[in-house]
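What follows is one structure encoded as structure tokens, with my remarks underneath.
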Amino acid sequence: MKSVYFALFLIGFPLLSFGQFSAQGTVVDENQQPLPGVEVYIEELHIGSTTDLDGNYVLKNIPKGVHKLNFSFIGYSTYNTTITVLTEDIEIDVSMEPSIFHMDEVIVSAPFSKLQSENVMKIESRTLTSLQKQGAPTLAQSLTRIPGVSEVSTGNGIGKPVIRGLSGNRVLVYTQGVRLENQQYGQEHGLGLNDSGIESVEVIKGPASLLYGSDALGGVLYINPEKFAFQNKTEANVSQTFFSNTLGSNTSVGVKTSNDQFKLLLRGGYNTHSDYEIPDGDRVTNTRYREVDFKAGLGLNLDNFVTELRYNYNKSDIGIPEEIGEQSSSKNLLLPYQDLTTHILSLHNHFFLNRSKFEVNLGYINNIRKEFEDEHGHGHDEHEEEGHDDEEHDDEEHDEEHEDHENEEDHDPSEAALFMDLKTFTYDVRYHVPSSDRFETIAGVQGMWQSNENFGEEILIPDAITNDIGLLVNSSFEINNNNTLQGGLRFDHRSIDTEAYEIEHHEHEEHEDEMDTDHEEEEEEIVEAIDRNFSNMTFSLGYKTMLFQRVSTRINFATGFRAPNLAELGSYGVHHGTNRFEIGNPNLESERNFQTDISLEYGNKHIEVYVNGFYNDLNNYIYLNPTGEEMDEAPVYEYVQNDARLYGSEFGVHLHPHPLDWLHLESDFEMVIGELDEGGYLPLIPANKWSNTLRGEFKGWQSFNELYLSVTLDSFFDQNRVSDFETETPGYNLLNFGLGGKLSFENWSLGLRMSLNNALNETYISHLSRLKSEGIPNPGRNFTFGLNFNI
């Protein structure tokens, strides 16, 4: 696959000549004084610069075409404008207005590269810098600071994003501009991404099938990679973070350089943690994990062609916890554990045809998932299961067994109980129709070819081939400065072909006659091959207006769909990661939904208020249901379907009392309710949450600047709306502190950040923790200290 991309690159390179156009100008403030340090950027070209001391900027080597030019600076409203470069260089002078709230961001996940304030859809955006201030050990945990986003977790190392009560295959993850495929159907299959080399994260809450096809029924998590260096710049960065609770360390080292045509970026990361500590001082056995991450990027700008090639290698070894057993601060894994290797290769091409353009985006993802178990098929050795307080273990025997566990980390692939090799090729071709000042249209085709193969002792899902193809058209019409209409249609078709496979399982029989003994009978069963096709039409219609003078209003109607995944169709056997015997249903139909979403925002120089409400009607909702039986010493769960609905809201206020420009008070509340139409509640619905933050931001003095100090109280309410096989979860409160700043000099800077999470060492269990059934609490107090050195 790499050779295919390289061949395409070589074919295109000699056909094109270098561009000759530039954009330049001056940026001033509201008093017409030069504004130095303003970031000037064209997102799709990866061309950027900053204004000098006189407010001047120059962008070189801009290809012919229509582009969005973005000006951003802390403390000022972001300015976004459209430039047309056809026959000569252009000059754009800009006057920026002060803004007391956060900078407006260009949204990459939306189709027309607009600022969030201009978008018809409400999309949340957070930079990596702001996420790192939360002190979370993983990217999945840090995302929970975004209203409407939660996490299903298995310890610290395994976390899956939840958007408004939906997760797994109902939430699509995009990274490097391509969809991430890593067996995401499993609750114990984590996000699988490291925060090293990430620029920002965008969250679409609600159906996005129009833009992204099947699996975007619940929303999209869109992860933007690190930007290239600005033109004719070379930068290096070293980041180091320490975590007290897990004795953890997260290291990232990167370098990037650019000239007028070429761009190069390299970054490596290493993340390692011991078992996390609960408030009573015990550690949760085998929640340890380690991660190696490498990212590379290469960009090229020519006369009418821009290409971007990126590669990501991620190797993660993650313990699967089951108990509070052996007490150790070791970082060597115990059994059972996951061994995950992911390769992500993406190639993005833009062909500019004066006032129109083509996008050709290709992706290749290879996810290799191995799970290693002990001789019992799960868990730790029997003597460990007797409890962590047993002091009668023989030390010599324990040391030998611990050494055996450490040696097991280098298993031959043939010894893995579960070994799945998932290969995915994606393509996305879009044509941007020549646009006017107010009307834009995109037509395109997207698709995916996917192969899943099993090489382990166990088969969780069958060998299969999946093919996707989707046709779409999407338009945006700006009626006037305050009214914008956006909508589109899409047709998708998915085919799934699996291979039959054989499975052995044991049935336990009991005999009433005292002379007879209980015994197990071994049975072999053939799981039949599946050949299914799924088709669906989806649409989206949105309208943005100013309802009153300062109330920005968004109303969106959208449909989505999701074809059943391989686990739901073809599972048959024990999944030791969940300790369930799971039985798929080959007759399942596609999930379909219709969501209404309303968003209201009000803002002035003192206060900002928002209210989001949604109602999501789900047809053929697929979920696991317990049968009350046992097979292979595990409870049996079957995949079933029922109609369901989810509804809820997020609302908040951001107070910034003038003239106390340094003071910020933020309060956010989020709630979601999931119900089955036939009665009862949906599983894994997050508890209602109320978050309050008091933050001070200070300009600092001399070389010490960008200072901040924050205190946050997160209140989680009782979760009493639970499914039939869940238990209620009591509420709890978490107190968090943050402190940081930046030392800036002529050629280098040093960022410092500290955070204290769960400062009062509260004992609690999240409703979305998969360790809840074992009564295992979430982590106790954690102090985080981070350094970020830039030259």
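By convention in this document, the chains of the structure tokens carry letters A, B, ... by their order, each chain's residues are numbered from 1, and ligands are numbered from 1 in the order they are shown.
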Residue neighbourhood A:Glu39, 8 Å, only C-alpha atoms, exclusion window fewer than 3 positions, as a PyMOL selection string: chain A and resi 48-51+70-73
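Neighbours of A:Thr127 closer than or equal to 10 Å, with only C-alpha atoms counted and sequence neighbours fewer than 2 positions away skipped, come out as A:Glu105, A:Ser125, A:Thr129, A:Ser130, A:Leu131, A:Gln132, A:Ile198, A:Glu199, A:Ser200, A:Val201, A:Glu202, A:Ile223, A:Asn224.
Remark: for A:Ala23, the closest of the candidate residues A:Thr246, A:Asn312, A:Thr81, A:Asn61 is A:Asn61 (distances computed over only C-alpha atoms).
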Filtered DSSP result for stretch 110-144 of chain A, state strand (DSSP E), as a list in words: Ile123, Glu124, Ser125, Arg126 and Thr127 of chain A
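You can rank A:Leu335, A:Glu502, A:Met671, A:Gly65 by their closest distance to A:Asn304 using only C-alpha atoms, and at the top of that list sits A:Gly65.
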Shell of 12 Å around A:Gln240, only C-alpha atoms, local chain residues under 6 positions omitted, as number ranges by chain: A: 132, 196, 248-254, 269-272, 750-754, 784-790
Residues within 9 Å of A:Glu43, only C-alpha atoms, excluding chain neighbours under 2 positions, as a list in words: Tyr41, Leu45, His46, Ile47, Gly48, His67, Lys68, Leu69, Asn70, Val106, Val108 and Ser113 of chain A
Backbone DSSP call of alpha helix (DSSP H) for stretch 214-411 of chain A, listed as a VMD selection string: chain A and resid 395 to 407
A:Gln231 environment, 6 Å, only C-alpha atoms, sequence neighbours closer than 4 positions dropped, as a PyMOL selection string: chain A and resi 258-260
Stretch 527-536 of chain A surroundings by only C-alpha atoms, 10 Å radius, close-in-sequence under 2 positions cut, as a ChimeraX atom specification: /A:213-214,462-470,490-503,524-525,538,560-564,566,569-572,584,586-590,592
Who sits within 10 Å of A:Thr307, only C-alpha atoms, same chain under 5 positions skipped, as a PyMOL selection string: chain A and resi 9+12-13+44-46+262+298-302+347-351+359-361
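Counting from atom CA of A:Asp29, the distance to atom CA of A:Met96 is 5.1 Å.
Distances here use only C-alpha atoms; by that measure, the residue among A:Val609, A:Ile685, A:Leu333, A:Leu709 closest to A:Glu726 is A:Ile685.
The gap separating atom CA of A:Glu728 from atom CA of A:His767 is 7.9 Å, in Å to one decimal.
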Pick from A:Pro683, A:Glu457, A:Phe557, A:Leu655, whichever lies nearest to A:Gly573 using only C-alpha atoms: A:Glu457
Compile a residue-level contact table for stretch 739-768 of chain A against stretch 718-724 of chain A at a cut-off of 12 Å, reporting for every qualifying residue the shortest atom pair and its distance in Å to one decimal, with only C-alpha atoms counted, rows ordered by chain and ascending number, as JSON lines.
{"residue": "A:Tyr764", "atom": "CA", "partner": "A:Asp718", "partner_atom": "CA", "distance": 11.6}
{"residue": "A:Ile765", "atom": "CA", "partner": "A:Asp718", "partner_atom": "CA", "distance": 11.2}
{"residue": "A:Ser766", "atom": "CA", "partner": "A:Gln719", "partner_atom": "CA", "distance": 9.7}
{"residue": "A:His767", "atom": "CA", "partner": "A:Gln719", "partner_atom": "CA", "distance": 7.2}
{"residue": "A:Leu768", "atom": "CA", "partner": "A:Gln719", "partner_atom": "CA", "distance": 10.3}
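Nearest-residue note for A:Leu489: choosing from A:Val27, A:Leu713, A:Tyr212, A:Arg164, the minimum distance belongs to A:Tyr212, counting only C-alpha atoms.
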